[in-house]
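Everything below concerns the one structure shown next.
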Amino acid sequence: MEPIPAQGITIQERSGVQVIKVTQDLDNYGAADLEKELKDLIGSKNYKLVVDLSKVNYVNSTAVGMLVGIAKQARRKGGDLKVCGLKDKIRKTFDLLGASKVLEIFDSEESAVNSF
Amino acid sequence: MVKEGQIEIKLPNNVAFICALRAFIKSLARRIGFQSSKIEDIELVVDELCNNAMEHGSDPNSPVWVIISIRDSALDILVRDEGRGESSHQFLKSLPRIRRKQASPYSERGHGIYIVEMLSDYFCFSSNPMGGTDARVIFYKINSDISDKR
């Protein structure tokens, strides 16, 4: 039986890309939930990942660092982790940490999926 | 007008509870009259300091204290841990290295102190009598170019 993703996280496949929609705050607690889901996907050989943060109102450095870490794992396997839908305050945190230079960021889920 | 005062919060050493503190500090900062972008900065800095205190400071059974001093034109926030295996002395010695390490965006961890440094108007780390670390940050209501950060 397929495991159920954590509350605040839904996963759908689109054109061979796993789209992970997040609706909870990504503090350390939320980031741990998301990390587990992303690691499960990597473990199941899903290396094309789009994380939709359009409904997320908060991220901290732990969450951003976790996304960078997962992206590195996916890239080692020929895939990638891309993010989309950043609100201004979320983008500000990504920019502050330099993650905007490390991760590909898109306005929409569609553009992120199509970039693979 | 909000009068000056002090609020002490005792957080169990569990990151699950920090969301409540974030909501509280946002509401307080809004009531005091901080601008939205500054409130976001305050929320993030307090979160980062509490995470740091819980992970590296207090042992799992010791709380983290957050002492908020409300001043006429500023929020003065102290996050205090009670110390454990990694002593405050060791942490303070490693602070310059941590700050250098955080410069790389490819680094997955250790960015919290950098965020505190960049977003607060004043910050200071010091040892406390319990053997832990006090992390103090100040946010001024009026945008300033204060560069006296230690």
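Residue numbers start at 1 in each chain; chains themselves are named A, B, ... in the order of the structure tokens; ligands are numbered from 1 in the order shown.
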
Chain A contacts on chain B, only C-alpha atoms, 8 Å, as a PDB file with C-alpha atoms, in the first residue's frame:
ATOM      1  CA  VAL B  15      10.833  22.589  17.632  1.00  0.00           C
ATOM      2  CA  ALA B  16       7.127  21.836  17.227  1.00  0.00           C
ATOM      3  CA  CYS B  19       5.392  28.016  15.531  1.00  0.00           C
ATOM      4  CA  SER B  37       8.846  43.436   6.169  1.00  0.00           C
ATOM      5  CA  GLU B  40       8.924  38.964   8.766  1.00  0.00           C
ATOM      6  CA  LEU B  44      12.649  34.448  11.027  1.00  0.00           C
ATOM      7  CA  ASP B  47      12.885  31.025  14.796  1.00  0.00           C
ATOM      8  CA  GLU B  48      16.542  30.608  13.834  1.00  0.00           C
ATOM      9  CA  ASN B  51      16.263  26.287  16.640  1.00  0.00           C
ATOM     10  CA  SER B 104      28.267  29.153   0.774  1.00  0.00           C
ATOM     11  CA  PRO B 105      24.770  28.724  -0.646  1.00  0.00           C
ATOM     12  CA  TYR B 106      25.635  25.072  -1.323  1.00  0.00           C
ATOM     13  CA  SER B 107      25.962  24.452   2.379  1.00  0.00           C
ATOM     14  CA  GLU B 108      22.840  22.683   3.591  1.00  0.00           C
ATOM     15  CA  ARG B 109      23.131  23.627   7.221  1.00  0.00           C
ATOM     16  CA  HIS B 111      22.840  29.345   7.926  1.00  0.00           C
ATOM     17  CA  GLY B 112      20.935  30.437  11.010  1.00  0.00           C
ATOM     18  CA  ILE B 115      20.441  35.180   8.971  1.00  0.00           C
TER      19      ILE B 115
END

Report the residues of chain A whose backbone DSSP state falls under strand (DSSP E or B), written as a list in words. Ile9, Thr10, Ile11, Gln12, Glu13, Arg14, Val17, Gln18, Val19, Ile20, Lys21, Val22, Leu26, Lys48, Leu49, Val50, Val51, Asp52, Val59, Asp80, Leu81, Lys82, Val83, Cys84, Ile105 and Phe106 of chain A

Store the residues picked out above, limited to N, CA and C atoms, as a tab-separated table (two decimals), in the first residue's frame.
chain	number	residue	atom	x	y	z
A	9	ILE	N	1.10	18.15	2.62
A	9	ILE	CA	1.94	17.80	1.46
A	9	ILE	C	1.14	16.85	0.57
A	10	THR	N	1.03	17.20	-0.71
A	10	THR	CA	0.42	16.29	-1.67
A	10	THR	C	1.41	16.06	-2.81
A	11	ILE	N	1.35	14.87	-3.38
A	11	ILE	CA	2.29	14.51	-4.44
A	11	ILE	C	1.51	14.01	-5.64
A	12	GLN	N	1.83	14.59	-6.81
A	12	GLN	CA	1.20	14.14	-8.06
A	12	GLN	C	2.29	13.99	-9.11
A	13	GLU	N	2.03	13.10	-10.04
A	13	GLU	CA	2.97	12.97	-11.14
A	13	GLU	C	2.43	13.69	-12.37
A	14	ARG	N	3.29	14.45	-13.02
A	14	ARG	CA	2.93	15.13	-14.27
A	14	ARG	C	4.07	14.95	-15.25
A	17	VAL	N	7.29	13.87	-13.95
A	17	VAL	CA	7.87	14.71	-12.90
A	17	VAL	C	6.99	14.61	-11.65
A	18	GLN	N	7.62	14.44	-10.52
A	18	GLN	CA	6.85	14.42	-9.27
A	18	GLN	C	6.67	15.86	-8.78
A	19	VAL	N	5.40	16.26	-8.68
A	19	VAL	CA	5.10	17.61	-8.20
A	19	VAL	C	4.63	17.51	-6.75
A	20	ILE	N	5.38	18.15	-5.89
A	20	ILE	CA	5.09	18.09	-4.46
A	20	ILE	C	4.53	19.45	-4.06
A	21	LYS	N	3.25	19.46	-3.72
A	21	LYS	CA	2.61	20.71	-3.31
A	21	LYS	C	2.62	20.79	-1.78
A	22	VAL	N	3.09	21.91	-1.29
A	22	VAL	CA	3.21	22.09	0.16
A	22	VAL	C	2.25	23.18	0.61
A	26	LEU	N	7.13	25.93	6.48
A	26	LEU	CA	8.36	25.14	6.43
A	26	LEU	C	9.35	25.67	7.47
A	48	LYS	N	13.14	13.54	-10.70
A	48	LYS	CA	12.68	14.81	-11.27
A	48	LYS	C	11.60	15.33	-10.33
A	49	LEU	N	11.95	16.36	-9.61
A	49	LEU	CA	11.08	16.84	-8.53
A	49	LEU	C	10.80	18.33	-8.69
A	50	VAL	N	9.53	18.69	-8.56
A	50	VAL	CA	9.14	20.10	-8.50
A	50	VAL	C	8.43	20.33	-7.17
A	51	VAL	N	8.92	21.25	-6.40
A	51	VAL	CA	8.29	21.58	-5.11
A	51	VAL	C	7.53	22.89	-5.28
A	52	ASP	N	6.22	22.79	-5.17
A	52	ASP	CA	5.33	23.95	-5.35
A	52	ASP	C	5.13	24.62	-4.00
A	59	VAL	N	9.28	30.03	5.34
A	59	VAL	CA	10.37	29.06	5.27
A	59	VAL	C	11.51	29.58	6.13
A	80	ASP	N	16.79	16.52	-10.87
A	80	ASP	CA	16.93	17.82	-10.23
A	80	ASP	C	15.73	18.06	-9.33
A	81	LEU	N	15.87	19.02	-8.44
A	81	LEU	CA	14.74	19.53	-7.67
A	81	LEU	C	14.61	21.01	-8.00
A	82	LYS	N	13.41	21.38	-8.45
A	82	LYS	CA	13.16	22.77	-8.79
A	82	LYS	C	11.99	23.27	-7.94
A	83	VAL	N	11.94	24.54	-7.72
A	83	VAL	CA	10.86	25.10	-6.90
A	83	VAL	C	10.06	26.09	-7.73
A	84	CYS	N	8.81	26.28	-7.32
A	84	CYS	CA	7.96	27.23	-8.04
A	84	CYS	C	7.02	27.91	-7.08
A	105	ILE	N	14.28	28.37	-9.96
A	105	ILE	CA	13.02	28.85	-9.39
A	105	ILE	C	12.12	29.32	-10.52
A	106	PHE	N	10.88	28.85	-10.50
A	106	PHE	CA	9.94	29.19	-11.55
A	106	PHE	C	8.70	29.86	-10.94

If we count only C-alpha atoms and set the cut-off at 12 Å, which residues sit around Trp65 (chain B), ignoring sequence neighbours fewer than 3 positions away in its own chain? Please answer as a PDB file with C-alpha atoms, in the first residue's frame.
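Now in part24.pdb:
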ATOM      1  CA  ILE B   7       7.526  39.021  28.604  1.00  0.00           C
ATOM      2  CA  GLU B   8       9.215  35.757  29.532  1.00  0.00           C
ATOM      3  CA  ILE B   9       8.390  32.593  27.646  1.00  0.00           C
ATOM      4  CA  LYS B  10       9.602  29.140  28.609  1.00  0.00           C
ATOM      5  CA  LEU B  11       9.656  26.813  25.631  1.00  0.00           C
ATOM      6  CA  PRO B  12       9.995  23.059  25.987  1.00  0.00           C
ATOM      7  CA  ASN B  13      12.928  21.814  23.953  1.00  0.00           C
ATOM      8  CA  ILE B  18       8.296  27.359  17.899  1.00  0.00           C
ATOM      9  CA  LEU B  21       6.212  31.650  19.431  1.00  0.00           C
ATOM     10  CA  VAL B  46      13.582  34.367  16.482  1.00  0.00           C
ATOM     11  CA  LEU B  49      17.752  31.478  17.338  1.00  0.00           C
ATOM     12  CA  CYS B  50      15.312  29.094  19.006  1.00  0.00           C
ATOM     13  CA  ASN B  51      16.263  26.287  16.640  1.00  0.00           C
ATOM     14  CA  ALA B  53      19.291  26.938  21.117  1.00  0.00           C
ATOM     15  CA  MET B  54      17.323  23.710  20.986  1.00  0.00           C
ATOM     16  CA  GLY B  57      22.201  24.632  23.491  1.00  0.00           C
ATOM     17  CA  SER B  58      19.837  23.128  26.004  1.00  0.00           C
ATOM     18  CA  SER B  62      15.858  21.637  29.517  1.00  0.00           C
ATOM     19  CA  ILE B  68      11.101  39.899  25.131  1.00  0.00           C
ATOM     20  CA  ILE B  77      14.746  39.733  22.377  1.00  0.00           C
ATOM     21  CA  LEU B  78      16.926  37.355  24.334  1.00  0.00           C
ATOM     22  CA  VAL B  79      16.981  33.628  23.594  1.00  0.00           C
ATOM     23  CA  ARG B  80      18.611  31.728  26.415  1.00  0.00           C
ATOM     24  CA  ASP B  81      19.619  28.096  26.577  1.00  0.00           C
ATOM     25  CA  GLU B  82      20.804  26.255  29.642  1.00  0.00           C
ATOM     26  CA  GLY B  83      23.798  24.571  28.057  1.00  0.00           C
ATOM     27  CA  ASN B 128      25.152  32.880  30.769  1.00  0.00           C
ATOM     28  CA  MET B 130      23.777  28.381  33.610  1.00  0.00           C
ATOM     29  CA  GLY B 132      24.500  28.087  28.199  1.00  0.00           C
ATOM     30  CA  THR B 133      24.398  30.851  25.634  1.00  0.00           C
ATOM     31  CA  ASP B 134      22.414  34.062  25.549  1.00  0.00           C
ATOM     32  CA  ALA B 135      21.604  35.276  22.058  1.00  0.00           C
ATOM     33  CA  ARG B 136      20.353  38.825  22.104  1.00  0.00           C
TER      34      ARG B 136
END

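Distance-wise, CA of Asn57 (chain A) and CA of Arg91 (chain A) end up 10.6 Å apart.
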
Using DSSP on the backbone coordinates, identify all residues within chain A classified as alpha helix (DSSP H); present the result as JSON, numbers by chain. {"A": [28, 29, 30, 31, 32, 33, 34, 35, 36, 37, 38, 39, 40, 41, 42, 43, 61, 62, 63, 64, 65, 66, 67, 68, 69, 70, 71, 72, 73, 74, 75, 76, 88, 89, 90, 91, 92, 93, 94, 95, 96, 99, 100, 101, 102, 109, 110, 111, 112, 113, 114]}

Hey, can you spit out that residue selection with N, CA and C atoms as a short mmCIF file (atom, residue, chain, number, x, y, z; two decimals), in the first residue's frame?
data_model
loop_
_atom_site.label_atom_id
_atom_site.label_comp_id
_atom_site.auth_asym_id
_atom_site.auth_seq_id
_atom_site.Cartn_x
_atom_site.Cartn_y
_atom_site.Cartn_z
N ASN A 28 11.37 24.14 11.09
CA ASN A 28 12.10 22.87 11.24
C ASN A 28 11.14 21.68 11.27
N TYR A 29 10.01 21.90 11.89
CA TYR A 29 9.03 20.82 12.01
C TYR A 29 8.46 20.45 10.65
N GLY A 30 8.02 21.46 9.89
CA GLY A 30 7.48 21.21 8.56
C GLY A 30 8.52 20.73 7.59
N ALA A 31 9.73 21.25 7.73
CA ALA A 31 10.81 20.85 6.83
C ALA A 31 11.13 19.37 7.00
N ALA A 32 11.03 18.88 8.22
CA ALA A 32 11.30 17.46 8.46
C ALA A 32 10.28 16.58 7.74
N ASP A 33 9.02 17.00 7.77
CA ASP A 33 7.96 16.27 7.05
C ASP A 33 8.28 16.24 5.56
N LEU A 34 8.58 17.40 5.01
CA LEU A 34 8.83 17.50 3.58
C LEU A 34 10.08 16.70 3.20
N GLU A 35 11.08 16.78 4.03
CA GLU A 35 12.32 16.04 3.74
C GLU A 35 12.06 14.55 3.64
N LYS A 36 11.24 14.04 4.54
CA LYS A 36 10.93 12.61 4.52
C LYS A 36 10.27 12.23 3.19
N GLU A 37 9.31 13.05 2.76
CA GLU A 37 8.61 12.75 1.51
C GLU A 37 9.58 12.80 0.33
N LEU A 38 10.45 13.80 0.32
CA LEU A 38 11.39 13.94 -0.79
C LEU A 38 12.40 12.79 -0.80
N LYS A 39 12.83 12.40 0.36
CA LYS A 39 13.78 11.28 0.43
C LYS A 39 13.11 9.97 0.01
N ASP A 40 11.86 9.83 0.35
CA ASP A 40 11.12 8.63 -0.10
C ASP A 40 11.04 8.60 -1.61
N LEU A 41 10.81 9.76 -2.22
CA LEU A 41 10.74 9.83 -3.69
C LEU A 41 12.09 9.49 -4.31
N ILE A 42 13.13 10.04 -3.75
CA ILE A 42 14.49 9.74 -4.25
C ILE A 42 14.75 8.24 -4.09
N GLY A 43 14.35 7.71 -2.95
CA GLY A 43 14.56 6.28 -2.69
C GLY A 43 13.79 5.39 -3.65
N SER A 61 15.86 28.73 7.34
CA SER A 61 17.10 28.31 6.68
C SER A 61 17.23 26.80 6.65
N THR A 62 16.66 26.13 7.64
CA THR A 62 16.73 24.67 7.65
C THR A 62 15.98 24.10 6.46
N ALA A 63 14.82 24.66 6.17
CA ALA A 63 14.01 24.18 5.04
C ALA A 63 14.73 24.45 3.72
N VAL A 64 15.28 25.63 3.57
CA VAL A 64 15.97 25.96 2.33
C VAL A 64 17.20 25.07 2.16
N GLY A 65 17.94 24.89 3.22
CA GLY A 65 19.12 24.02 3.15
C GLY A 65 18.74 22.60 2.81
N MET A 66 17.64 22.14 3.33
CA MET A 66 17.15 20.79 3.03
C MET A 66 16.84 20.66 1.55
N LEU A 67 16.19 21.65 0.97
CA LEU A 67 15.87 21.61 -0.46
C LEU A 67 17.14 21.59 -1.30
N VAL A 68 18.13 22.35 -0.88
CA VAL A 68 19.42 22.33 -1.59
C VAL A 68 20.04 20.94 -1.51
N GLY A 69 19.97 20.34 -0.35
CA GLY A 69 20.53 19.01 -0.17
C GLY A 69 19.84 17.97 -1.03
N ILE A 70 18.54 18.02 -1.09
CA ILE A 70 17.79 17.06 -1.90
C ILE A 70 18.09 17.30 -3.38
N ALA A 71 18.20 18.58 -3.77
CA ALA A 71 18.53 18.90 -5.17
C ALA A 71 19.88 18.27 -5.53
N LYS A 72 20.83 18.35 -4.64
CA LYS A 72 22.15 17.77 -4.92
C LYS A 72 22.04 16.26 -5.10
N GLN A 73 21.23 15.63 -4.25
CA GLN A 73 21.05 14.18 -4.39
C GLN A 73 20.41 13.84 -5.72
N ALA A 74 19.39 14.60 -6.11
CA ALA A 74 18.68 14.33 -7.37
C ALA A 74 19.61 14.55 -8.57
N ARG A 75 20.43 15.58 -8.48
CA ARG A 75 21.34 15.89 -9.59
C ARG A 75 22.38 14.79 -9.77
N ARG A 76 22.81 14.20 -8.67
CA ARG A 76 23.79 13.11 -8.78
C ARG A 76 23.22 11.93 -9.56
N ASP A 88 6.76 36.67 -2.28
CA ASP A 88 7.88 37.62 -2.14
C ASP A 88 8.69 37.37 -0.87
N LYS A 89 8.02 37.14 0.25
CA LYS A 89 8.77 36.98 1.49
C LYS A 89 9.59 35.67 1.49
N ILE A 90 9.08 34.67 0.78
CA ILE A 90 9.81 33.40 0.69
C ILE A 90 11.02 33.58 -0.23
N ARG A 91 10.79 34.30 -1.32
CA ARG A 91 11.88 34.57 -2.26
C ARG A 91 13.00 35.35 -1.58
N LYS A 92 12.61 36.23 -0.69
CA LYS A 92 13.59 37.04 0.04
C LYS A 92 14.52 36.15 0.86
N THR A 93 13.95 35.14 1.50
CA THR A 93 14.77 34.21 2.29
C THR A 93 15.68 33.39 1.38
N PHE A 94 15.16 32.93 0.27
CA PHE A 94 15.99 32.18 -0.69
C PHE A 94 17.14 33.05 -1.18
N ASP A 95 16.83 34.30 -1.49
CA ASP A 95 17.87 35.21 -2.00
C ASP A 95 18.93 35.47 -0.93
N LEU A 96 18.48 35.68 0.29
CA LEU A 96 19.40 35.97 1.40
C LEU A 96 20.40 34.84 1.60
N ALA A 99 20.33 30.73 -2.15
CA ALA A 99 19.74 29.52 -2.73
C ALA A 99 19.16 29.78 -4.11
N SER A 100 18.86 31.04 -4.40
CA SER A 100 18.33 31.39 -5.73
C SER A 100 19.36 31.10 -6.82
N LYS A 101 20.63 31.05 -6.42
CA LYS A 101 21.69 30.76 -7.39
C LYS A 101 21.93 29.27 -7.52
N VAL A 102 21.45 28.52 -6.55
CA VAL A 102 21.69 27.08 -6.53
C VAL A 102 20.50 26.30 -7.08
N GLU A 109 4.00 26.11 -11.70
CA GLU A 109 4.25 24.66 -11.71
C GLU A 109 4.47 24.19 -13.14
N GLU A 110 3.68 24.73 -14.06
CA GLU A 110 3.76 24.27 -15.44
C GLU A 110 5.15 24.55 -16.03
N SER A 111 5.63 25.75 -15.80
CA SER A 111 6.95 26.08 -16.35
C SER A 111 8.05 25.24 -15.70
N ALA A 112 7.88 24.94 -14.43
CA ALA A 112 8.88 24.11 -13.75
C ALA A 112 8.86 22.68 -14.30
N VAL A 113 7.66 22.14 -14.49
CA VAL A 113 7.55 20.77 -15.02
C VAL A 113 8.10 20.71 -16.44
N ASN A 114 7.76 21.71 -17.24
CA ASN A 114 8.18 21.72 -18.64
C ASN A 114 9.69 21.91 -18.80
#

Close residues, Phe139 (chain B) itself excluded, 12 Å, only C-alpha atoms, min 4 positions apart in chain, as an NGL selection string: :B and (29 or 32-35 or 37-43 or 45-46 or 68-78 or 116-123 or 143-146 or 149)

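Computed from the coordinates, the CA of Phe125 (chain B) to CA of Lys141 (chain B) distance equals 21.9 Å.
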